[in-house]
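Peer 1: Sharing model_7.txt (compact mmCIF, C-alpha atoms) below.
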# COMPACT_ATOMS: atom_id res chain seq x y z
CA MET A 1 359.82 207.86 9.36
CA GLY A 2 363.42 207.96 10.54
CA ALA A 3 363.16 211.64 11.43
CA PHE A 4 359.99 210.94 13.40
CA LEU A 5 361.64 208.15 15.39
CA SER A 6 364.70 210.27 16.08
CA ARG A 7 362.45 213.07 17.30
CA ALA A 8 360.60 210.60 19.52
CA VAL A 9 363.81 209.20 21.06
CA ILE A 10 365.19 212.66 21.77
CA GLY A 11 361.85 213.72 23.22
CA VAL A 12 361.73 210.71 25.56
CA MET A 13 365.28 211.37 26.76
CA MET A 14 364.49 215.03 27.42
CA ALA A 15 361.28 214.07 29.21
CA ALA A 16 363.16 211.66 31.46
CA ALA A 17 365.77 214.32 32.25
CA THR A 18 363.01 216.84 33.05
CA ILE A 19 361.24 214.46 35.41
CA LEU A 20 364.55 213.67 37.16
CA ALA A 21 365.21 217.40 37.59
CA VAL A 22 361.70 217.92 39.01
CA ALA A 23 362.17 214.99 41.40
CA THR A 24 365.45 216.46 42.64
CA LEU A 25 364.04 219.96 43.08
CA VAL A 26 360.92 218.83 44.92
CA PHE A 27 362.91 216.58 47.27
CA PHE A 28 365.39 219.21 48.36
CA GLY A 29 362.76 221.95 48.19
CA MET A 30 360.65 220.12 50.77
CA GLN A 31 363.68 219.87 53.06
CA MET A 32 364.07 223.65 52.95
CA ILE A 33 360.60 224.36 54.34
CA GLU A 34 360.84 225.59 57.90
CA GLY A 35 359.52 223.12 60.44
CA THR A 36 360.05 219.37 60.02
CA TYR A 37 357.43 216.67 60.36
CA GLU A 38 358.52 215.69 63.88
CA GLU A 39 358.71 219.33 65.01
CA LEU A 40 355.25 220.03 63.65
CA PHE A 41 353.43 217.04 65.14
CA PHE A 42 355.53 216.30 68.21
CA PRO A 43 356.50 219.72 69.59
CA LEU A 44 356.60 218.68 73.27
CA VAL A 45 358.83 215.61 73.13
CA THR A 46 362.48 215.57 74.04
CA PRO A 47 365.20 215.82 71.36
CA GLU A 48 366.02 212.13 71.88
CA GLN A 49 362.40 211.10 71.33
CA ARG A 50 362.22 213.35 68.29
CA ALA A 51 365.29 211.64 66.83
CA GLU A 52 363.66 208.25 67.41
CA ILE A 53 360.49 209.40 65.62
CA ALA A 54 362.54 210.65 62.67
CA ALA A 55 364.50 207.38 62.49
CA ALA A 56 361.30 205.29 62.62
CA ARG A 57 359.93 207.19 59.60
CA GLY A 58 363.14 207.26 57.61
CA LEU A 59 363.75 210.96 58.16
CA ASP A 60 367.15 210.61 59.80
CA GLY A 61 370.56 210.79 58.15
CA SER A 62 371.86 213.33 55.66
CA GLN A 63 369.65 214.80 52.95
CA TRP A 64 371.83 213.28 50.24
CA ASP A 65 371.59 209.76 51.70
CA ARG A 66 367.82 210.08 51.98
CA TYR A 67 367.59 211.41 48.44
CA VAL A 68 369.59 208.50 46.99
CA ALA A 69 367.54 205.98 48.97
CA TRP A 70 364.24 207.57 47.95
CA LEU A 71 365.21 207.87 44.28
CA SER A 72 366.42 204.26 44.11
CA HIS A 73 363.03 203.11 45.41
CA ALA A 74 361.07 205.58 43.25
CA VAL A 75 362.55 204.30 39.97
CA ARG A 76 361.20 200.87 40.95
CA GLY A 77 357.74 202.32 41.57
CA ASP A 78 357.99 202.38 45.38
CA PHE A 79 357.21 205.89 46.65
CA GLY A 80 356.93 204.88 50.28
CA THR A 81 354.07 205.39 52.72
CA SER A 82 352.27 208.51 53.84
CA LEU A 83 353.57 209.91 57.13
CA ILE A 84 350.04 210.97 58.06
CA THR A 85 347.84 208.02 57.08
CA GLY A 86 350.42 205.22 57.03
CA ARG A 87 349.06 203.96 53.71
CA PRO A 88 351.16 203.49 50.54
CA VAL A 89 351.51 206.78 48.69
CA LEU A 90 350.43 205.30 45.36
CA ASP A 91 347.22 204.00 46.96
CA GLU A 92 346.46 207.43 48.38
CA LEU A 93 346.98 209.10 44.98
CA ALA A 94 345.11 206.39 43.09
CA SER A 95 342.03 206.79 45.31
CA ARG A 96 341.87 210.50 44.42
CA LEU A 97 342.96 210.28 40.79
CA PRO A 98 339.53 209.46 39.24
CA LEU A 99 338.07 212.75 40.49
CA THR A 100 340.94 214.90 39.24
CA LEU A 101 341.14 212.95 35.97
CA GLN A 102 337.43 213.41 35.30
CA LEU A 103 337.61 217.14 36.00
CA GLY A 104 340.50 217.44 33.54
CA LEU A 105 338.85 215.37 30.81
CA ILE A 106 335.55 217.27 31.04
CA ALA A 107 337.48 220.56 31.00
CA ILE A 108 339.35 219.50 27.86
CA GLY A 109 336.06 218.48 26.27
CA LEU A 110 334.53 221.86 27.07
CA ILE A 111 337.55 223.64 25.59
CA LEU A 112 337.35 221.63 22.37
CA LEU A 113 333.57 221.96 22.02
CA ILE A 114 333.37 225.66 22.82
CA ALA A 115 336.68 227.34 21.99
CA LEU A 116 337.67 225.66 18.72
CA PRO A 117 334.38 226.19 16.80
CA LEU A 118 333.97 229.74 18.11
CA GLY A 119 337.59 230.59 17.38
CA LEU A 120 337.31 229.18 13.86
CA LEU A 121 334.12 231.16 13.15
CA ALA A 122 335.58 234.32 14.68
CA GLY A 123 338.68 233.98 12.49
CA VAL A 124 336.85 233.23 9.25
CA PHE A 125 334.33 236.04 9.76
CA PHE A 126 336.89 238.39 11.26
CA ARG A 127 334.98 241.55 10.25
CA SER A 128 331.75 240.45 11.90
CA ARG A 129 330.35 241.30 15.31
CA LEU A 130 330.81 237.63 16.25
CA SER A 131 334.56 237.98 15.82
CA GLN A 132 334.76 241.03 18.05
CA THR A 133 332.55 239.38 20.65
CA GLY A 134 334.77 236.31 20.58
CA ARG A 135 337.89 238.44 21.01
CA LEU A 136 336.44 240.29 24.00
CA GLY A 137 335.02 237.10 25.50
CA GLY A 138 338.37 235.34 25.19
CA MET A 139 340.16 238.23 26.88
CA ALA A 140 337.61 238.26 29.69
CA LEU A 141 337.95 234.53 30.36
CA MET A 142 341.76 234.73 30.28
CA SER A 143 341.74 237.61 32.77
CA LEU A 144 339.30 236.08 35.27
CA PRO A 145 341.06 234.11 38.05
CA ASP A 146 339.77 230.62 38.80
CA PHE A 147 339.08 231.32 42.46
CA VAL A 148 337.00 234.42 41.59
CA LEU A 149 334.87 232.63 39.00
CA GLY A 150 334.60 229.53 41.21
CA SER A 151 333.59 231.55 44.28
CA PHE A 152 330.96 233.46 42.30
CA LEU A 153 329.43 230.31 40.81
CA LEU A 154 329.58 228.62 44.20
CA TRP A 155 327.64 231.52 45.72
CA LEU A 156 325.18 231.70 42.82
CA PHE A 157 324.32 228.01 42.57
CA SER A 158 324.14 227.57 46.34
CA ARG A 159 321.36 230.20 46.44
CA GLN A 160 319.41 228.83 43.46
CA ASP A 161 317.76 225.44 43.17
CA TRP A 162 319.14 224.73 39.73
CA TRP A 163 320.15 221.36 38.34
CA LEU A 164 323.87 221.76 38.96
CA ARG A 165 325.12 221.15 42.49
CA VAL A 166 328.01 222.66 44.45
CA GLY A 167 330.02 221.02 47.22
CA GLY A 168 330.43 217.29 47.50
CA TRP A 169 330.87 214.69 44.79
CA ARG A 170 329.02 211.77 43.27
CA PRO A 171 331.22 209.12 41.61
CA LEU A 172 330.33 207.65 38.24
CA SER A 173 329.37 204.41 39.94
CA GLU A 174 326.24 206.17 41.25
CA GLY A 175 325.13 207.15 37.74
CA LEU A 176 326.17 209.52 34.98
CA LEU A 177 323.59 212.27 35.60
CA PRO A 178 324.18 212.50 39.38
CA ASN A 179 327.91 212.59 38.67
CA LEU A 180 327.58 215.39 36.10
CA GLN A 181 325.43 217.41 38.49
CA TYR A 182 328.49 217.81 40.69
CA ALA A 183 331.24 217.63 38.05
CA LEU A 184 330.16 220.14 35.40
CA LEU A 185 330.47 223.31 37.46
CA PRO A 186 334.05 222.79 38.72
CA SER A 187 335.03 221.47 35.30
CA PHE A 188 333.77 224.65 33.65
CA VAL A 189 335.71 226.80 36.13
CA LEU A 190 338.80 224.73 35.38
CA ALA A 191 338.24 225.12 31.61
CA ALA A 192 337.37 228.83 31.59
CA THR A 193 340.89 230.20 31.12
CA GLY A 194 341.70 227.51 28.56
CA ILE A 195 338.56 228.40 26.61
CA GLY A 196 339.68 232.01 26.44
CA ILE A 197 343.24 231.13 25.39
CA VAL A 198 342.24 228.61 22.71
CA LEU A 199 339.50 230.88 21.36
CA ALA A 200 341.89 233.82 21.00
CA THR A 201 344.71 231.65 19.60
CA THR A 202 342.46 229.93 17.06
CA ARG A 203 340.98 233.23 15.90
CA SER A 204 344.41 234.78 15.44
CA ALA A 205 345.83 231.69 13.68
CA VAL A 206 342.89 231.48 11.26
CA MET A 207 343.20 235.17 10.40
CA GLN A 208 346.93 234.78 9.71
CA THR A 209 346.32 231.69 7.57
CA LEU A 210 343.66 233.47 5.53
CA ALA A 211 346.20 236.19 4.69
CA GLN A 212 348.79 233.72 3.31
CA ASP A 213 349.55 233.65 -0.41
CA HIS A 214 348.37 230.11 -1.14
CA VAL A 215 344.98 230.82 0.50
CA LEU A 216 344.59 234.09 -1.42
CA ALA A 217 345.49 232.26 -4.64
CA ALA A 218 342.88 229.57 -3.92
CA THR A 219 340.30 232.27 -3.27
CA SER A 220 341.13 233.98 -6.57
CA ARG A 221 340.62 230.65 -8.38
CA GLY A 222 337.09 230.52 -7.05
CA VAL A 223 337.54 227.65 -4.56
CA PRO A 224 334.33 227.40 -2.49
CA SER A 225 334.71 228.86 0.99
CA GLY A 226 333.77 225.60 2.74
CA ARG A 227 336.43 223.60 0.90
CA LEU A 228 338.95 226.41 1.38
CA VAL A 229 338.47 226.36 5.14
CA ARG A 230 338.59 222.56 5.38
CA ARG A 231 341.64 222.00 3.15
CA HIS A 232 343.79 225.06 3.72
CA VAL A 233 342.76 226.96 6.81
CA VAL A 234 342.01 224.42 9.53
CA ARG A 235 345.13 222.26 9.23
CA ASN A 236 347.53 225.18 8.81
CA SER A 237 346.05 226.91 11.84
CA MET A 238 346.48 223.95 14.19
CA VAL A 239 350.20 224.28 15.02
CA PRO A 240 349.89 227.40 17.24
CA VAL A 241 346.70 225.99 18.74
CA MET A 242 348.48 222.73 19.60
CA THR A 243 351.32 224.70 21.15
CA MET A 244 348.86 226.47 23.43
CA GLY A 245 347.28 223.09 24.14
CA GLY A 246 350.47 221.91 25.82
CA ILE A 247 350.57 225.04 27.98
CA ILE A 248 346.90 224.64 28.88
CA ALA A 249 347.51 221.03 29.93
CA GLY A 250 349.96 222.28 32.53
CA TYR A 251 347.52 224.99 33.57
CA LEU A 252 344.74 222.45 34.06
CA LEU A 253 346.97 220.44 36.38
CA GLY A 254 347.79 223.52 38.42
CA GLY A 255 344.27 224.92 38.26
CA ALA A 256 342.86 221.68 39.64
CA VAL A 257 344.42 222.61 42.99
CA ILE A 258 342.42 225.85 43.16
CA VAL A 259 339.19 224.36 41.83
CA GLU A 260 339.32 221.37 44.17
CA THR A 261 339.98 223.71 47.09
CA VAL A 262 337.14 226.12 46.22
CA PHE A 263 334.63 223.29 45.70
CA THR A 264 336.06 221.18 48.60
CA LEU A 265 336.75 218.19 46.37
CA ASP A 266 339.08 215.44 47.57
CA GLY A 267 341.27 215.24 44.47
CA VAL A 268 344.99 214.88 43.84
CA GLY A 269 345.68 218.63 43.71
CA ARG A 270 344.08 219.44 47.05
CA PHE A 271 345.70 216.38 48.60
CA ILE A 272 349.17 217.55 47.53
CA VAL A 273 348.60 221.03 48.97
CA SER A 274 347.38 219.66 52.31
CA SER A 275 350.35 217.28 52.37
CA ILE A 276 352.76 220.22 51.99
CA ALA A 277 351.25 221.85 55.06
CA ALA A 278 351.49 218.54 56.95
CA ARG A 279 355.11 217.94 55.81
CA ASP A 280 354.05 214.61 54.35
CA TYR A 281 357.20 214.40 52.23
CA PRO A 282 356.53 211.10 50.39
CA VAL A 283 353.08 212.25 49.23
CA VAL A 284 354.31 215.63 48.00
CA GLN A 285 357.28 214.12 46.17
CA ALA A 286 355.21 211.43 44.45
CA GLY A 287 352.38 213.84 43.67
CA VAL A 288 354.59 216.46 42.06
CA ILE A 289 356.39 213.79 40.02
CA PHE A 290 353.02 212.49 38.83
CA VAL A 291 351.87 215.96 37.79
CA ALA A 292 355.20 216.67 36.07
CA SER A 293 355.07 213.32 34.25
CA VAL A 294 351.58 214.00 32.91
CA PHE A 295 352.57 217.49 31.77
CA VAL A 296 355.80 216.31 30.10
CA THR A 297 354.04 213.39 28.41
CA ILE A 298 351.29 215.61 26.98
CA ASN A 299 353.84 218.07 25.62
CA LEU A 300 355.91 215.22 24.16
CA ILE A 301 352.84 213.88 22.32
CA ILE A 302 352.02 217.36 21.03
CA ASP A 303 355.62 217.81 19.87
CA LEU A 304 355.44 214.55 17.93
CA LEU A 305 352.08 215.49 16.42
CA TYR A 306 353.62 218.66 14.98
CA SER A 307 355.40 216.65 12.28
CA LEU A 308 352.16 214.89 11.37
CA VAL A 309 350.12 218.09 11.11
CA ASP A 310 352.88 220.03 9.35
CA PRO A 311 355.49 217.78 7.61
CA ARG A 312 357.81 220.78 7.23
CA ILE A 313 358.44 220.68 10.99
CA GLY A 314 359.50 217.05 10.82
CA SER A 315 361.89 217.75 7.94
CA ARG A 316 363.44 220.68 9.81
CA GLY A 317 363.82 218.46 12.89
Please go through the file and, once you have read it, give me the structure as C-alpha cells.

Peer 2:
Amino acid sequence: MGAFLSRAVIGVMMAAATILAVATLVFFGMQMIEGTYEELFFPLVTPEQRAEIAAARGLDGSQWDRYVAWLSHAVRGDFGTSLITGRPVLDELASRLPLTLQLGLIAIGLILLIALPLGLLAGVFFRSRLSQTGRLGGMALMSLPDFVLGSFLLWLFSRQDWWLRVGGWRPLSEGLLPNLQYALLPSFVLAATGIGIVLATTRSAVMQTLAQDHVLAATSRGVPSGRLVRRHVVRNSMVPVMTMGGIIAGYLLGGAVIVETVFTLDGVGRFIVSSIAARDYPVVQAGVIFVASVFVTINLIIDLLYSLVDPRIGSRG
C-alpha cells in the first residue's frame, strides 16, 4: 500500500509539472504566431488606437508580465474571457464539452467492444484465418487517416437514406436514438485507428503470453483452455494493452479536432482550432490546458493501475 501511495504522489507531482510546462509553451507559442489580435481584426486603425484596443483587452505590456498575470488567475480557475465572443472562456468550453465528451466515450466503447474481443480471439487462435484477418484489418485501420475515412463515410451516407445521419447534431435531451443517429458515425471514425492499434496490440500480447513457461506448464497439466485463458492469459496480456490505451486517449483528443471539422460539429477541438486562427489567446490557452490535463490524468490512472494488474510493477516501483 505504501508503494502504491508513493507512486500516486510522484505521479501527481509529475502531472502538475507537465501541465505547467504545457501552459507555458502554449502561452509563449501563441505570442510567436505572426499577426496579433488587434492587427488581424483592426488593420485600418492608427497605431495609437491599436494600442488602446490591446490595453482594453489585456494584451499590452511585456509577454512575461502577461504570462505571470494569466497564470496567477488560471491557478484560481479564472481563464479570462474570449476576445471574440466576450463570454467567459470556461463557459464557452463547457457549452461544447458534452459533444466532444460523448464522441470520446462512444469511441472508447467501440474500441473495447470491437478490438479487445477480436484481438483476444486472434491471439488465442493465432494459426487460424481469423487471426490473419484481424492482423490485416488492424493494420488497415491504423494506416487509414481520419479525414480520409470520415470524408468517405460522409460522402457515402449523404447519398444513401440509411439510418445514420451526417452533418449536424442532436443532443441527448432530444432522445437517445436521434442522438445516436448523428453521433455513431463520427464516433466510429474517431475510434477506427484505436480499434486497429488495440486489436494488433492485444493479439501480439496474447501470443507472447501463450508462449511463456507458466502457460505452457499449465497446458501440459491439462488445464482446460477456457480456464487457462481467463486465469493466465487475459490478465498477463493487459499491461501492454493498457500502455497503448494511454496513447490512444491522447490520440482521441487530437483526432476529435479532425472529426469535428469533417462532420462540422461544434465541439471543443474545432473551437480551439478556430480560436487559433482568430488569435483568441484565452480560449486557446485554456483549451490546450484542458486537453493536456485530461491526457495526463488518464495516463496517471493507467500508470497506477499497472501495479494492480501486475503486482511486480508496484514492487519494482

Peer 1: Which is closer to Pro117 of chain A than all the others in A:Gly167, A:Gly134, A:Gly77, A:Gly250, using only C-alpha atoms?

Peer 2: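 Of A:Gly167, A:Gly134, A:Gly77, A:Gly250, the one nearest Pro117 of chain A, counting only C-alpha atoms, is A:Gly134.
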
Peer 1: For the atom pair atom CA of Ile10 of chain A and atom CA of Leu305 of chain A, what is the interatomic distance in Å to one decimal place?

Peer 2: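 Separation of atom CA of Ile10 of chain A and atom CA of Leu305 of chain A: 14.4 Å.
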
Peer 1: Could you state the separation of atom CA of Leu190 of chain A and atom CA of Phe290 of chain A in Å, given to one decimal place?

Peer 2: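 Separating atom CA of Leu190 of chain A from atom CA of Phe290 of chain A is a distance of 19.1 Å.
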
Peer 1: Counting only C-alpha atoms, find the residues whose atoms lie at most 9 Å from (340.3, 238.7, 10.7) (file coordinates) and write them out as a list in words.

Peer 2: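 Those within range, by chain then number, are Ala122, Gly123, Val124, Phe125, Phe126, Arg127, Ser128, Ser131, Arg203, Ser204, Val206, Met207, Gln208, Leu210 and Ala211 of chain A.
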
Peer 1: Could you tell me which of A:Asn179, A:Thr201, A:Ser95, A:Ser275 comes closest to Leu118 of chain A if we count all atoms listed in the file?

Peer 2: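 Result for the nearest residue to Leu118 of chain A: A:Thr201.
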
Peer 1: Separation of atom CA of Leu105 of chain A and atom CA of Leu120 of chain A, in Å?

Peer 2: 21.9 Å

Peer 1: Counting only C-alpha atoms, which residue out of A:Met14, A:Met30, A:Val45, A:Val89 sits closest to Gln63 of chain A?

Peer 2: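 The closest residue to Gln63 of chain A is A:Met30.
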
Peer 1: Excluding Met142 of chain A and residues on its chain fewer than 3 positions from it, collect all residues at most 7 Å away from it, counting only C-alpha atoms, and give them as a PyMOL selection string.

Peer 2: chain A and resi 138-139+193+196-197

Peer 1: Using only C-alpha atoms, can you tell me which of A:Ser173, A:Thr209, A:Ser187, A:Asn299 comes closest to Leu110 of chain A?

Peer 2: A:Ser187

Peer 1: Which residue, A:Val262, A:Ala115, A:Leu199, A:Met244, has the smallest gap to Leu154 of chain A when you use all atoms listed in the file?

Peer 2: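 Between A:Val262, A:Ala115, A:Leu199, A:Met244, the residue approaching Leu154 of chain A most closely is A:Val262.
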
Peer 1: Given all atoms listed in the file as the basis, pick out the residue of A:Glu92, A:Gln102, A:Leu177, A:Ala107 nearest to Ile272 of chain A.

Peer 2: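 Looking only at the distances to Ile272 of chain A, the closest residue turns out to be A:Glu92.
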
Peer 1: Which polymer residues have any atom within 9 Å of an atom of Phe188 of chain A, counting all atoms listed in the file, with same-chain residues fewer than 3 positions away left out, as a short mmCIF file (atom, residue, chain, number, x, y, z; two decimals) with C-alpha atoms, keeping the file's coordinate frame?

Peer 2:
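Final file, around38.cif:
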data_model
loop_
_atom_site.label_atom_id
_atom_site.label_comp_id
_atom_site.auth_asym_id
_atom_site.auth_seq_id
_atom_site.Cartn_x
_atom_site.Cartn_y
_atom_site.Cartn_z
CA LEU A 103 337.61 217.14 36.00
CA ILE A 106 335.55 217.27 31.04
CA ALA A 107 337.48 220.56 31.00
CA LEU A 110 334.53 221.86 27.07
CA ILE A 111 337.55 223.64 25.59
CA ALA A 183 331.24 217.63 38.05
CA LEU A 184 330.16 220.14 35.40
CA LEU A 185 330.47 223.31 37.46
CA ALA A 191 338.24 225.12 31.61
CA ALA A 192 337.37 228.83 31.59
#

Peer 1: Residues within 10 Å of Leu99 of chain A, please, as a list of chain:residue names. Count all atoms listed in the file; anything in the same chain fewer than 5 positions from it doesn't count.

Peer 2: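 Neighbouring residues, sequence-local ones excluded: A:Ala94, A:Gly104, A:Trp169, A:Arg170, A:Pro171, A:Leu172, A:Ala183, A:Glu260, A:Leu265, A:Asp266, A:Gly267, A:Val268.
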